[in-house]
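> What follows is entry.cif, made up of mmCIF, C-alpha atoms:
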```
data_data
#
loop_
_atom_site.label_atom_id
_atom_site.label_comp_id
_atom_site.auth_asym_id
_atom_site.auth_seq_id
_atom_site.Cartn_x
_atom_site.Cartn_y
_atom_site.Cartn_z
CA MET A 586 47.17 -13.54 28.40
CA SER A 587 50.81 -13.58 29.49
CA ASP A 588 53.54 -12.20 27.26
CA ALA A 589 54.92 -15.70 26.67
CA ALA A 590 51.50 -17.08 25.74
CA THR A 591 50.99 -14.20 23.30
CA TRP A 592 54.38 -14.93 21.72
CA ILE A 593 53.46 -18.60 21.28
CA ALA A 594 50.17 -17.59 19.65
CA VAL A 595 51.98 -15.12 17.37
CA VAL A 596 54.53 -17.69 16.23
CA LEU A 597 51.94 -20.43 15.70
CA ALA A 598 49.60 -18.13 13.76
CA CYS A 599 52.50 -16.94 11.57
CA ALA A 600 53.52 -20.55 10.93
CA VAL A 601 49.97 -21.50 9.94
CA CYS A 602 49.67 -18.53 7.56
CA PHE A 603 53.06 -19.23 5.96
CA ALA A 604 52.28 -22.93 5.57
CA LEU A 605 49.05 -22.04 3.75
CA LYS A 606 50.96 -19.77 1.35
CA LEU A 607 53.61 -22.42 0.74
CA VAL A 608 51.05 -25.16 0.09
CA GLY A 609 49.64 -23.03 -2.74
CA HIS A 610 53.05 -23.05 -4.42
CA LEU A 611 53.74 -26.76 -3.91
CA VAL A 612 50.55 -28.66 -4.69
CA PRO A 613 49.50 -29.43 -8.26
CA GLU A 614 47.34 -26.63 -9.59
CA HIS A 615 44.23 -28.69 -10.27
CA TRP A 616 43.87 -29.57 -6.59
CA LEU A 617 43.10 -26.01 -5.61
CA ALA A 618 41.70 -24.68 -8.86
CA LYS A 619 38.29 -26.28 -8.34
CA PRO A 620 35.71 -23.50 -8.66
CA ARG A 621 33.80 -24.69 -5.60
CA VAL A 622 36.91 -24.53 -3.42
CA ALA A 623 37.84 -21.06 -4.66
CA ARG A 624 34.30 -19.78 -4.26
CA THR A 625 33.91 -21.17 -0.76
CA ALA A 626 37.25 -19.71 0.30
CA ALA A 627 36.21 -16.30 -1.02
CA LEU A 628 32.93 -16.53 0.92
CA VAL A 629 34.74 -17.60 4.10
CA THR A 630 36.84 -14.45 3.81
CA VAL A 631 33.69 -12.35 3.44
CA ALA A 632 32.01 -14.05 6.42
CA LEU A 633 35.01 -13.70 8.74
CA LEU A 634 35.61 -10.05 7.89
CA SER A 635 31.88 -9.21 8.21
CA ALA A 636 31.66 -10.96 11.58
CA LEU A 637 34.76 -9.07 12.71
CA VAL A 638 33.08 -5.78 11.73
CA ALA A 639 30.05 -6.68 13.84
CA VAL A 640 32.03 -7.91 16.83
CA GLN A 641 34.42 -4.93 16.81
CA ALA A 642 31.63 -2.40 16.39
CA ALA A 643 28.83 -3.71 18.58
CA THR A 644 30.14 -5.97 21.35
CA THR A 645 32.20 -5.59 24.51
CA GLY A 646 33.09 -8.94 26.04
CA ARG A 647 29.87 -10.96 25.87
CA ALA A 648 27.53 -7.96 25.84
CA LEU A 649 25.93 -6.38 22.78
CA VAL A 650 26.70 -2.67 23.01
CA ALA A 651 25.60 0.40 21.06
CA ASP A 652 28.09 3.23 21.57
CA ALA A 653 30.13 5.77 19.61
CA ARG A 654 31.56 2.98 17.45
CA LEU A 655 28.29 2.59 15.51
CA PRO A 656 28.06 6.17 14.19
CA ALA A 657 31.80 5.96 13.48
CA LEU A 658 31.19 2.82 11.41
CA ALA A 659 28.39 4.60 9.53
CA VAL A 660 30.82 7.42 8.67
CA ALA A 661 33.33 4.80 7.47
CA ALA A 662 30.68 3.23 5.23
CA VAL A 663 29.86 6.59 3.66
CA ALA A 664 33.56 7.24 3.09
CA LEU A 665 33.95 3.83 1.43
CA ALA A 666 30.93 4.46 -0.78
CA LEU A 667 32.66 7.70 -1.85
CA ARG A 668 35.79 5.64 -2.67
CA ALA A 669 37.98 7.16 0.02
CA PRO A 670 41.34 5.42 0.53
CA PHE A 671 41.72 2.90 3.36
CA ILE A 672 43.71 5.16 5.65
CA VAL A 673 41.16 8.01 5.29
CA VAL A 674 38.30 5.64 6.14
CA VAL A 675 40.05 4.40 9.27
CA VAL A 676 41.06 7.87 10.46
CA LEU A 677 37.55 9.28 9.86
CA ALA A 678 36.05 6.49 11.98
CA ALA A 679 38.54 7.09 14.79
CA VAL A 680 37.97 10.86 14.74
CA THR A 681 34.17 10.41 14.74
CA ALA A 682 34.27 8.11 17.77
CA ALA A 683 36.79 10.31 19.59
CA VAL A 684 34.72 13.47 19.04
CA LEU A 685 31.46 11.78 20.09
CA ARG A 686 33.10 10.44 23.24
CA ALA A 687 34.59 13.84 24.04
CA MET A 688 30.98 15.11 23.82
CA GLY A 689 29.87 12.52 26.38
CA MET A 690 28.68 9.55 24.31
CA PRO A 691 29.82 6.21 25.76
CA MET B 858 42.90 -3.05 -13.50
CA ALA B 859 43.14 -2.86 -17.28
CA ARG B 860 44.91 -5.61 -19.18
CA VAL B 861 47.71 -4.29 -21.28
CA THR B 862 49.12 -5.31 -24.65
CA LEU B 863 52.32 -3.42 -25.21
CA PRO B 864 55.90 -4.15 -26.25
CA ALA B 865 57.64 -6.20 -23.55
CA ASP B 866 59.63 -3.32 -22.05
CA ASP B 867 56.62 -1.03 -21.84
CA ALA B 868 54.46 -3.81 -20.38
CA ARG B 869 57.09 -4.42 -17.75
CA ARG B 870 57.31 -0.72 -16.94
CA VAL B 871 53.52 -0.51 -16.57
CA ALA B 872 53.60 -3.47 -14.16
CA VAL B 873 56.35 -1.90 -12.08
CA ARG B 874 54.50 1.40 -11.94
CA GLN B 875 51.35 -0.37 -10.74
CA ALA B 876 53.45 -2.23 -8.19
CA VAL B 877 54.88 0.97 -6.75
CA SER B 878 51.53 2.72 -6.38
CA VAL B 879 49.92 -0.35 -4.81
CA SER B 880 52.85 -0.67 -2.42
CA VAL B 881 52.58 2.91 -1.22
CA ALA B 882 48.80 2.72 -0.78
CA THR B 883 48.96 -0.58 1.08
CA GLY B 884 51.92 0.42 3.18
CA LEU B 885 50.03 3.44 4.45
CA TYR B 886 47.44 1.32 6.11
CA GLY B 887 50.18 -0.51 7.94
CA VAL B 888 50.05 2.55 10.20
CA SER B 889 46.59 1.59 11.36
CA PHE B 890 47.63 -2.02 11.91
CA GLY B 891 50.60 -0.98 14.04
CA ALA B 892 48.49 1.36 16.17
CA LEU B 893 45.63 -1.13 16.57
CA SER B 894 47.96 -3.98 17.45
CA VAL B 895 49.58 -2.19 20.40
CA ALA B 896 46.13 -0.88 21.40
CA ALA B 897 44.99 -4.53 21.50
CA GLY B 898 47.74 -5.27 24.02
CA LEU B 899 50.51 -6.72 21.86
CA SER B 900 54.05 -5.47 22.40
CA LEU B 901 56.00 -3.65 19.71
CA PRO B 902 58.19 -6.72 18.90
CA GLN B 903 55.08 -8.92 18.70
CA THR B 904 53.44 -6.41 16.38
CA MET B 905 56.52 -6.38 14.15
CA ALA B 906 56.74 -10.18 14.20
CA LEU B 907 53.20 -10.30 12.78
CA SER B 908 53.98 -7.88 9.95
CA LEU B 909 57.28 -9.60 9.10
CA LEU B 910 56.25 -13.24 9.45
CA MET B 911 52.48 -13.38 8.98
CA PHE B 912 52.47 -10.61 6.34
CA SER B 913 48.81 -10.76 5.40
CA GLY B 914 46.73 -7.73 6.38
CA GLY B 915 43.37 -9.41 6.93
CA SER B 916 44.85 -12.20 9.07
CA GLN B 917 46.89 -9.72 11.11
CA PHE B 918 43.96 -7.39 11.84
CA ALA B 919 41.84 -10.42 12.77
CA PHE B 920 44.51 -11.91 15.03
CA VAL B 921 44.94 -8.75 17.11
CA GLY B 922 41.19 -8.09 16.99
CA VAL B 923 40.36 -11.46 18.54
CA LEU B 924 43.12 -11.22 21.16
CA GLY B 925 42.20 -7.61 21.96
CA ALA B 926 38.58 -8.62 22.55
CA GLY B 927 39.77 -11.19 25.11
CA GLY B 928 39.59 -14.18 22.79
CA ALA B 929 41.63 -17.32 23.37
CA ALA B 930 44.88 -17.93 21.50
CA GLY B 931 43.30 -20.86 19.65
CA ALA B 932 40.46 -18.71 18.33
CA ALA B 933 42.91 -16.01 17.22
CA ILE B 934 45.11 -18.53 15.42
CA ALA B 935 42.12 -20.21 13.76
CA THR B 936 40.65 -16.91 12.55
CA ALA B 937 43.98 -15.71 11.17
CA GLY B 938 44.51 -19.10 9.50
CA LEU B 939 41.06 -19.18 7.90
CA LEU B 940 41.61 -15.69 6.50
CA GLY B 941 44.98 -16.88 5.19
CA VAL B 942 43.45 -19.71 3.17
CA ARG B 943 42.92 -17.42 0.19
CA ASN B 944 46.68 -16.80 -0.04
CA GLY B 945 47.06 -20.54 -0.52
CA LEU B 946 44.61 -20.38 -3.41
CA TYR B 947 46.64 -17.61 -5.06
CA GLY B 948 49.67 -19.91 -5.26
CA PRO B 949 48.48 -21.88 -8.29
CA GLN B 950 47.74 -18.58 -10.08
CA VAL B 951 51.19 -17.07 -9.65
CA ALA B 952 53.48 -20.14 -9.40
CA PRO B 953 53.31 -20.96 -13.16
CA LEU B 954 54.38 -17.37 -13.89
CA LEU B 955 57.31 -17.32 -11.50
CA HIS B 956 59.13 -20.65 -12.03
CA ALA B 957 60.60 -20.12 -8.57
CA HIS B 958 62.96 -22.83 -7.31
CA GLY B 959 65.19 -23.35 -4.28
CA TRP B 960 65.24 -20.47 -1.82
CA ARG B 961 63.09 -18.35 -4.11
CA ARG B 962 60.10 -20.63 -3.64
CA PRO B 963 59.48 -19.97 0.09
CA LEU B 964 60.23 -16.30 -0.59
CA ALA B 965 57.63 -16.21 -3.36
CA ALA B 966 55.18 -17.99 -1.05
CA GLN B 967 55.66 -15.44 1.72
CA LEU B 968 55.05 -12.60 -0.77
CA THR B 969 51.89 -14.24 -2.18
CA ILE B 970 49.15 -11.89 -0.95
CA ASP B 971 46.09 -10.11 -2.39
CA GLU B 972 48.10 -7.26 -3.87
CA SER B 973 50.99 -9.14 -5.50
CA THR B 974 48.58 -11.67 -7.04
CA ALA B 975 46.29 -8.94 -8.33
CA VAL B 976 49.10 -7.02 -10.03
CA ALA B 977 50.75 -10.19 -11.40
CA THR B 978 47.56 -11.64 -12.89
CA ALA B 979 46.48 -8.31 -14.38
CA GLN B 980 49.42 -8.37 -16.82
CA ARG B 981 49.04 -10.09 -20.17
CA ASP B 982 52.75 -10.56 -20.76
CA PRO B 983 54.29 -13.28 -18.51
CA ALA B 984 57.52 -11.31 -17.99
CA ALA B 985 55.50 -8.29 -16.94
CA GLY B 986 53.43 -10.49 -14.64
CA ARG B 987 56.61 -11.79 -13.06
CA ALA B 988 57.94 -8.26 -12.59
CA GLY B 989 54.58 -7.17 -11.19
CA PHE B 990 54.58 -9.98 -8.65
CA TRP B 991 58.09 -9.40 -7.31
CA TRP B 992 57.95 -5.61 -7.32
CA THR B 993 54.56 -5.58 -5.59
CA GLY B 994 55.47 -8.33 -3.12
CA VAL B 995 58.76 -6.76 -2.08
CA GLY B 996 57.38 -3.21 -2.23
CA VAL B 997 54.37 -3.97 -0.04
CA PHE B 998 56.57 -5.97 2.35
CA VAL B 999 58.97 -3.06 2.87
CA MET B 1000 56.28 -0.38 3.14
CA TRP B 1001 53.95 -2.50 5.28
CA ASN B 1002 56.68 -3.18 7.82
CA LEU B 1003 58.03 0.38 7.92
CA PHE B 1004 54.57 1.81 8.46
CA THR B 1005 53.63 -0.88 10.99
CA LEU B 1006 56.63 0.24 13.03
CA GLY B 1007 55.53 3.88 12.76
CA GLY B 1008 51.96 3.02 13.74
CA ALA B 1009 53.08 0.90 16.68
CA LEU B 1010 55.28 3.72 18.01
CA VAL B 1011 52.41 6.22 17.65
CA GLY B 1012 49.93 3.80 19.24
CA ASP B 1013 52.28 3.20 22.16
CA ALA B 1014 52.50 6.93 22.79
CA LEU B 1015 48.73 7.51 22.61
CA GLY B 1016 47.62 5.53 25.66
CA ASP B 1017 43.90 4.74 26.14
CA PRO B 1018 42.80 3.53 22.69
CA ARG B 1019 39.09 4.25 23.27
CA ARG B 1020 39.75 7.95 23.84
CA TYR B 1021 41.14 8.24 20.32
CA GLY B 1022 38.46 6.05 18.80
CA LEU B 1023 40.93 3.28 17.93
CA ASP B 1024 38.28 0.64 18.73
CA ALA B 1025 36.04 2.22 16.10
CA ALA B 1026 39.03 2.38 13.73
CA ALA B 1027 39.40 -1.40 14.05
CA ALA B 1028 35.79 -1.95 12.99
CA ALA B 1029 36.27 0.48 10.10
CA ALA B 1030 39.42 -1.38 9.02
CA PHE B 1031 37.50 -4.65 8.74
CA LEU B 1032 34.70 -2.88 6.88
CA ALA B 1033 37.23 -1.45 4.40
CA LEU B 1034 38.76 -4.91 3.90
CA VAL B 1035 35.41 -6.57 3.18
CA TRP B 1036 33.95 -3.67 1.15
CA PRO B 1037 35.36 -4.55 -2.31
CA ARG B 1038 34.16 -8.14 -1.83
CA VAL B 1039 30.52 -7.22 -1.16
CA THR B 1040 30.07 -4.42 -3.68
CA GLY B 1041 29.87 -4.69 -7.43
CA PRO B 1042 27.58 -6.54 -9.82
CA ARG B 1043 28.50 -10.14 -8.93
CA ALA B 1044 28.38 -9.74 -5.16
CA ARG B 1045 24.79 -10.81 -4.40
CA LEU B 1046 25.76 -14.08 -2.70
CA ALA B 1047 28.64 -12.37 -0.87
CA GLN B 1048 26.18 -9.78 0.50
CA LEU B 1049 23.85 -12.49 1.79
CA VAL B 1050 26.77 -14.34 3.39
CA ALA B 1051 27.99 -11.08 4.99
CA ALA B 1052 24.53 -10.40 6.45
CA GLY B 1053 24.25 -13.97 7.70
CA ALA B 1054 27.71 -13.79 9.27
CA VAL B 1055 26.86 -10.56 11.11
CA LEU B 1056 23.62 -12.04 12.45
CA VAL B 1057 25.26 -15.28 13.59
CA ALA B 1058 28.20 -13.50 15.23
CA LEU B 1059 25.96 -11.10 17.18
CA ALA B 1060 23.41 -13.78 18.09
CA VAL B 1061 25.95 -16.12 19.67
CA THR B 1062 28.12 -13.44 21.32
CA PRO B 1063 26.34 -13.59 24.72
CA PHE B 1064 26.71 -17.37 24.92
CA VAL B 1065 30.20 -18.32 23.75
CA PRO B 1066 33.77 -17.20 24.58
CA ALA B 1067 35.27 -14.23 22.71
CA GLY B 1068 36.65 -15.17 19.31
CA VAL B 1069 34.22 -18.02 18.79
CA PRO B 1070 31.40 -15.91 17.23
CA VAL B 1071 33.67 -15.01 14.31
CA LEU B 1072 34.56 -18.67 13.72
CA LEU B 1073 30.90 -19.73 13.85
CA ALA B 1074 30.12 -17.06 11.26
CA ALA B 1075 32.52 -18.81 8.88
CA VAL B 1076 30.17 -21.81 8.92
CA VAL B 1077 27.60 -19.66 7.11
CA ALA B 1078 30.06 -19.21 4.26
CA ILE B 1079 31.03 -22.86 4.07
CA VAL B 1080 27.38 -23.92 3.90
CA ALA B 1081 26.64 -21.28 1.25
CA GLY B 1082 29.72 -22.19 -0.77
CA MET B 1083 28.90 -25.89 -0.78
CA LEU B 1084 25.16 -25.63 -1.38
CA VAL B 1085 24.57 -22.68 -3.66
CA ARG B 1086 25.03 -23.25 -7.36
CA PRO B 1087 27.09 -20.45 -8.86
CA PRO B 1088 25.82 -18.49 -11.85
CA ALA B 1089 27.43 -19.48 -15.14
CA PRO B 1090 30.89 -17.89 -15.33
CA PRO B 1091 30.82 -14.72 -17.43
CA ASP B 1092 34.29 -15.52 -18.75
CA PRO B 1093 34.02 -16.00 -22.52
CA GLU B 1094 37.63 -17.12 -22.97
CA GLY B 1095 37.53 -20.45 -21.26
CA THR B 1096 35.48 -23.05 -19.49
CA ASP B 1097 35.63 -23.64 -15.77
CA ASP B 1098 37.16 -27.09 -16.13
CA ALA B 1099 40.49 -25.55 -16.92
CA VAL B 1100 42.65 -27.28 -19.47
CA ASP B 1101 46.08 -28.09 -18.06
CA PRO B 1102 47.60 -24.62 -17.96
CA ARG B 1103 51.14 -24.71 -19.27
CA PRO B 1104 53.85 -23.02 -17.27
CA GLY B 1105 54.60 -19.55 -18.55
CA GLU B 1106 51.10 -19.01 -19.79
CA ALA B 1107 49.31 -16.04 -18.29
CA PRO B 1108 46.69 -17.64 -16.03
CA SER B 1109 43.83 -15.58 -17.39
CA ALA B 1110 41.20 -18.28 -16.94
CA THR B 1111 42.02 -18.73 -13.27
CA SER B 1112 42.40 -15.04 -12.54
CA ASP B 1113 38.90 -14.31 -13.77
CA ARG B 1114 37.47 -17.06 -11.65
CA HIS B 1115 38.95 -16.01 -8.35
CA ASP B 1116 39.93 -12.41 -8.57
CA PRO B 1117 42.01 -11.15 -5.70
CA GLU B 1118 41.11 -7.63 -4.72
CA VAL B 1119 43.63 -4.91 -4.45
CA THR B 1120 42.53 -3.85 -1.01
CA PRO B 1121 42.27 -1.10 -0.30
#
```
Turn this file's structure into structure tokens for me.


Amino acid sequence: MSDAATWIAVVLACAVCFALKLVGHLVPEHWLAKPRVARTAALVTVALLSALVAVQAATTGRALVADARLPALAVAAVALALRAPFIVVVVLAAVTAAVLRAMGMP
Amino acid sequence: MARVTLPADDARRVAVRQAVSVSVATGLYGVSFGALSVAAGLSLPQTMALSLLMFSGGSQFAFVGVLGAGGAAGAAIATAGLLGVRNGLYGPQVAPLLHAHGWRRPLAAQLTIDESTAVATAQRDPAAGRAGFWWTGVGVFVMWNLFTLGGALVGDALGDPRRYGLDAAAAAAFLALVWPRVTGPRARLAQLVAAGAVLVALAVTPFVPAGVPVLLAAVVAIVAGMLVRPPAPPDPEGTDDAVDPRPGEAPSATSDRHDPEVTP
């Protein structure tokens, strides 16, 4: 993607996200306070983030791939279960993948 | 986060203290966003534009994740937007507390994120809630942007992101963002949706353009949200058909229904 195209995408995405925030402050409360809407939105967040985990950890382009990212993700999961802070989780995953790759794992 | 009943000044001080610690913790992970964004191929100004203007961690990580994986601009915008929907749902929880008018209203909207909503709605006293919202919103904004800049500079200097495991760090970042939403006693449905989303995303990856698997996974959640009957709300204070909440009233009924997480 060209630099200009990326800029357009950045600006549009920022505009969409800001518009969503602003709508929440402008519309009457009862429009958005419906339990079904709130619950579905929460589940959409879960689904998107979970799919992003899978895609980031186990795919390259259109191929399913098992490489150093998977053990790194397992280390991250253990760290999260032990209530490690976000930054520690992320750094542990990076270090795990980097060390495994230095040892020859793809 | 514990609810507090204290004299007004103390309640306000507690809110501000929470705001500061949340700001520092959240700001720190701006480092990983900055590094991952330049690793995904965005320039430093583009990375900063995202932190300044989008200012919503999940959407930002998703946007650069989809673009970095070769996804189309439309898919990146749609994913970031869908993840931003929850900020829109926080508006009705914090707006009655803030009474923001004029130029303060768009400012309040821009600062309406997981963290500011969580701190604001955790306070029992409306003035403390207001202080919690503004201090957390502004604090996270400042820290998030400073640390994004630091991360982007470091990421630029590193070179090949795979060598330093930054691709694995991106996956770990998403896992850390979803973790508080799929753990805990009331997360059964969320766990099923997460598993379904992973399966759908991986199953369709070989057949559709990059970025699309993540969007298709969202369908799982929409179907589940529309079809599955929720368990009776455990909130003893109010019913789900909220009575017209008056401005200035702490929105306790709404906050229990749709709790924002302080992630991390």

> Would you please work out which residue, of B:Leu1046, B:Phe1064, B:Val976, B:Val1057, is nearest to Arg1086 in chain B when using all atoms listed in the file?

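Result for the nearest residue to Arg1086 in chain B: B:Leu1046.
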
> Can you tell me how far CA of Ala648 in chain A sits from CA of Ala1027 in chain B, in Å to one decimal?

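Separating CA of Ala648 in chain A from CA of Ala1027 in chain B is a distance of 18.0 Å.
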
> Could you tell me how far CA of Ser889 in chain B sits from CA of Ala1078 in chain B, in Å to one decimal place?

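If I compute the distance from CA of Ala1078 in chain B to CA of Ser889 in chain B, I get 27.5 Å.
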
> Using only C-alpha atoms, which chain B residues lie at most 7 Å away from chain A, written as a ChimeraX atom specification?

/B:885-886,903,907,910-911,926,930,934,937-938,940-949,952,963,966-967,969,1020-1023,1025-1033,1035,1038,1047,1050-1051,1054-1055,1058-1059,1062-1063,1067,1071,1074-1075,1078-1079,1082-1083,1115,1121

> Could you name the residues that touch range 866-883 of chain B at 9 Å or less, counting all atoms listed in the file, but leaving out those on the same chain fewer than 5 positions away, as a PyMOL selection string?

(chain A and resi 670-672) or (chain B and resi 861+972-973+976-977+979-982+984-1001+1119-1121)

> In terms of the shortest atom-to-atom distance over all atoms listed in the file, which of B:Ser913, B:Thr936, B:Ser900, B:Ser894 is closest to Val1069 in chain B?

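Ranked by minimum distance to Val1069 in chain B, first place goes to B:Thr936.
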
> Rounded to one decimal in Å, what is the spacing between CA of Thr904 in chain B and CA of Pro1037 in chain B?

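Interatomic distance, CA of Thr904 in chain B to CA of Pro1037 in chain B: 26.1 Å.
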
> I need the residue nearest Leu1034 in chain B from this list: B:Ala919, B:Leu893, B:Leu968, B:Val1085. Use only C-alpha atoms for the distance.

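Checking each of B:Ala919, B:Leu893, B:Leu968, B:Val1085 against Leu1034 in chain B, counting only C-alpha atoms, the winner is B:Ala919.
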
> Could you work out an axis-aligned box for range 1027-1031 of chain B, taking every atom the file lists and adding 5 Å on each side, and report centre and edge lengths in Å to one decimal, as lines of an AutoDock Vina configuration file?


```
center_x = 37.6
center_y = -2.1
center_z = 11.4
size_x = 13.6
size_y = 15.1
size_z = 15.3
```

> Would you kindly place N, CA and C atoms on range 648-674 of chain A and return the model as a PDB file, in the frame of the given file?


```
ATOM      1  N   ALA A 648      28.718  -8.805  25.897  1.00  0.00           N
ATOM      2  CA  ALA A 648      27.530  -7.960  25.840  1.00  0.00           C
ATOM      3  C   ALA A 648      27.416  -7.292  24.463  1.00  0.00           C
ATOM      4  N   LEU A 649      26.171  -7.189  23.974  1.00  0.00           N
ATOM      5  CA  LEU A 649      25.930  -6.380  22.780  1.00  0.00           C
ATOM      6  C   LEU A 649      25.841  -4.929  23.239  1.00  0.00           C
ATOM      7  N   VAL A 650      26.557  -4.051  22.564  1.00  0.00           N
ATOM      8  CA  VAL A 650      26.700  -2.670  23.010  1.00  0.00           C
ATOM      9  C   VAL A 650      26.467  -1.730  21.840  1.00  0.00           C
ATOM     10  N   ALA A 651      25.707  -0.655  22.071  1.00  0.00           N
ATOM     11  CA  ALA A 651      25.600   0.400  21.060  1.00  0.00           C
ATOM     12  C   ALA A 651      26.260   1.644  21.632  1.00  0.00           C
ATOM     13  N   ASP A 652      27.405   2.024  21.091  1.00  0.00           N
ATOM     14  CA  ASP A 652      28.090   3.230  21.570  1.00  0.00           C
ATOM     15  C   ASP A 652      28.641   4.027  20.393  1.00  0.00           C
ATOM     16  N   ALA A 653      29.623   4.867  20.646  1.00  0.00           N
ATOM     17  CA  ALA A 653      30.130   5.770  19.610  1.00  0.00           C
ATOM     18  C   ALA A 653      30.721   5.027  18.411  1.00  0.00           C
ATOM     19  N   ARG A 654      30.991   3.724  18.580  1.00  0.00           N
ATOM     20  CA  ARG A 654      31.560   2.980  17.450  1.00  0.00           C
ATOM     21  C   ARG A 654      30.572   2.861  16.286  1.00  0.00           C
ATOM     22  N   LEU A 655      29.262   2.777  16.600  1.00  0.00           N
ATOM     23  CA  LEU A 655      28.290   2.590  15.510  1.00  0.00           C
ATOM     24  C   LEU A 655      28.200   3.793  14.578  1.00  0.00           C
ATOM     25  N   PRO A 656      28.018   5.029  15.121  1.00  0.00           N
ATOM     26  CA  PRO A 656      28.060   6.170  14.190  1.00  0.00           C
ATOM     27  C   PRO A 656      29.398   6.280  13.470  1.00  0.00           C
ATOM     28  N   ALA A 657      30.481   5.905  14.144  1.00  0.00           N
ATOM     29  CA  ALA A 657      31.800   5.960  13.480  1.00  0.00           C
ATOM     30  C   ALA A 657      31.829   4.987  12.301  1.00  0.00           C
ATOM     31  N   LEU A 658      31.220   3.809  12.491  1.00  0.00           N
ATOM     32  CA  LEU A 658      31.190   2.820  11.410  1.00  0.00           C
ATOM     33  C   LEU A 658      30.330   3.326  10.245  1.00  0.00           C
ATOM     34  N   ALA A 659      29.238   4.033  10.579  1.00  0.00           N
ATOM     35  CA  ALA A 659      28.390   4.600   9.530  1.00  0.00           C
ATOM     36  C   ALA A 659      29.180   5.615   8.702  1.00  0.00           C
ATOM     37  N   VAL A 660      29.979   6.440   9.382  1.00  0.00           N
ATOM     38  CA  VAL A 660      30.820   7.420   8.670  1.00  0.00           C
ATOM     39  C   VAL A 660      31.814   6.683   7.769  1.00  0.00           C
ATOM     40  N   ALA A 661      32.385   5.583   8.281  1.00  0.00           N
ATOM     41  CA  ALA A 661      33.330   4.800   7.470  1.00  0.00           C
ATOM     42  C   ALA A 661      32.640   4.253   6.221  1.00  0.00           C
ATOM     43  N   ALA A 662      31.404   3.779   6.375  1.00  0.00           N
ATOM     44  CA  ALA A 662      30.680   3.230   5.230  1.00  0.00           C
ATOM     45  C   ALA A 662      30.437   4.289   4.169  1.00  0.00           C
ATOM     46  N   VAL A 663      30.065   5.496   4.618  1.00  0.00           N
ATOM     47  CA  VAL A 663      29.860   6.590   3.660  1.00  0.00           C
ATOM     48  C   VAL A 663      31.173   6.902   2.941  1.00  0.00           C
ATOM     49  N   ALA A 664      32.259   6.950   3.697  1.00  0.00           N
ATOM     50  CA  ALA A 664      33.560   7.240   3.090  1.00  0.00           C
ATOM     51  C   ALA A 664      33.933   6.176   2.055  1.00  0.00           C
ATOM     52  N   LEU A 665      33.641   4.909   2.376  1.00  0.00           N
ATOM     53  CA  LEU A 665      33.950   3.830   1.430  1.00  0.00           C
ATOM     54  C   LEU A 665      33.092   3.938   0.175  1.00  0.00           C
ATOM     55  N   ALA A 666      31.823   4.295   0.365  1.00  0.00           N
ATOM     56  CA  ALA A 666      30.930   4.460  -0.780  1.00  0.00           C
ATOM     57  C   ALA A 666      31.432   5.583  -1.687  1.00  0.00           C
ATOM     58  N   LEU A 667      32.092   6.571  -1.077  1.00  0.00           N
ATOM     59  CA  LEU A 667      32.660   7.700  -1.850  1.00  0.00           C
ATOM     60  C   LEU A 667      34.073   7.388  -2.335  1.00  0.00           C
ATOM     61  N   ARG A 668      34.500   6.121  -2.166  1.00  0.00           N
ATOM     62  CA  ARG A 668      35.790   5.640  -2.670  1.00  0.00           C
ATOM     63  C   ARG A 668      36.976   6.302  -1.992  1.00  0.00           C
ATOM     64  N   ALA A 669      36.844   6.621  -0.725  1.00  0.00           N
ATOM     65  CA  ALA A 669      37.980   7.160   0.020  1.00  0.00           C
ATOM     66  C   ALA A 669      39.014   6.061   0.227  1.00  0.00           C
ATOM     67  N   PRO A 670      40.306   6.436   0.281  1.00  0.00           N
ATOM     68  CA  PRO A 670      41.340   5.420   0.530  1.00  0.00           C
ATOM     69  C   PRO A 670      41.232   4.844   1.946  1.00  0.00           C
ATOM     70  N   PHE A 671      41.793   3.638   2.098  1.00  0.00           N
ATOM     71  CA  PHE A 671      41.720   2.900   3.360  1.00  0.00           C
ATOM     72  C   PHE A 671      42.067   3.761   4.564  1.00  0.00           C
ATOM     73  N   ILE A 672      43.209   4.436   4.481  1.00  0.00           N
ATOM     74  CA  ILE A 672      43.710   5.160   5.650  1.00  0.00           C
ATOM     75  C   ILE A 672      42.748   6.288   6.029  1.00  0.00           C
ATOM     76  N   VAL A 673      42.117   6.919   5.025  1.00  0.00           N
ATOM     77  CA  VAL A 673      41.160   8.010   5.290  1.00  0.00           C
ATOM     78  C   VAL A 673      39.923   7.438   6.004  1.00  0.00           C
ATOM     79  N   VAL A 674      39.468   6.286   5.538  1.00  0.00           N
ATOM     80  CA  VAL A 674      38.300   5.640   6.140  1.00  0.00           C
ATOM     81  C   VAL A 674      38.548   5.366   7.623  1.00  0.00           C
TER      82      VAL A 674
END
```
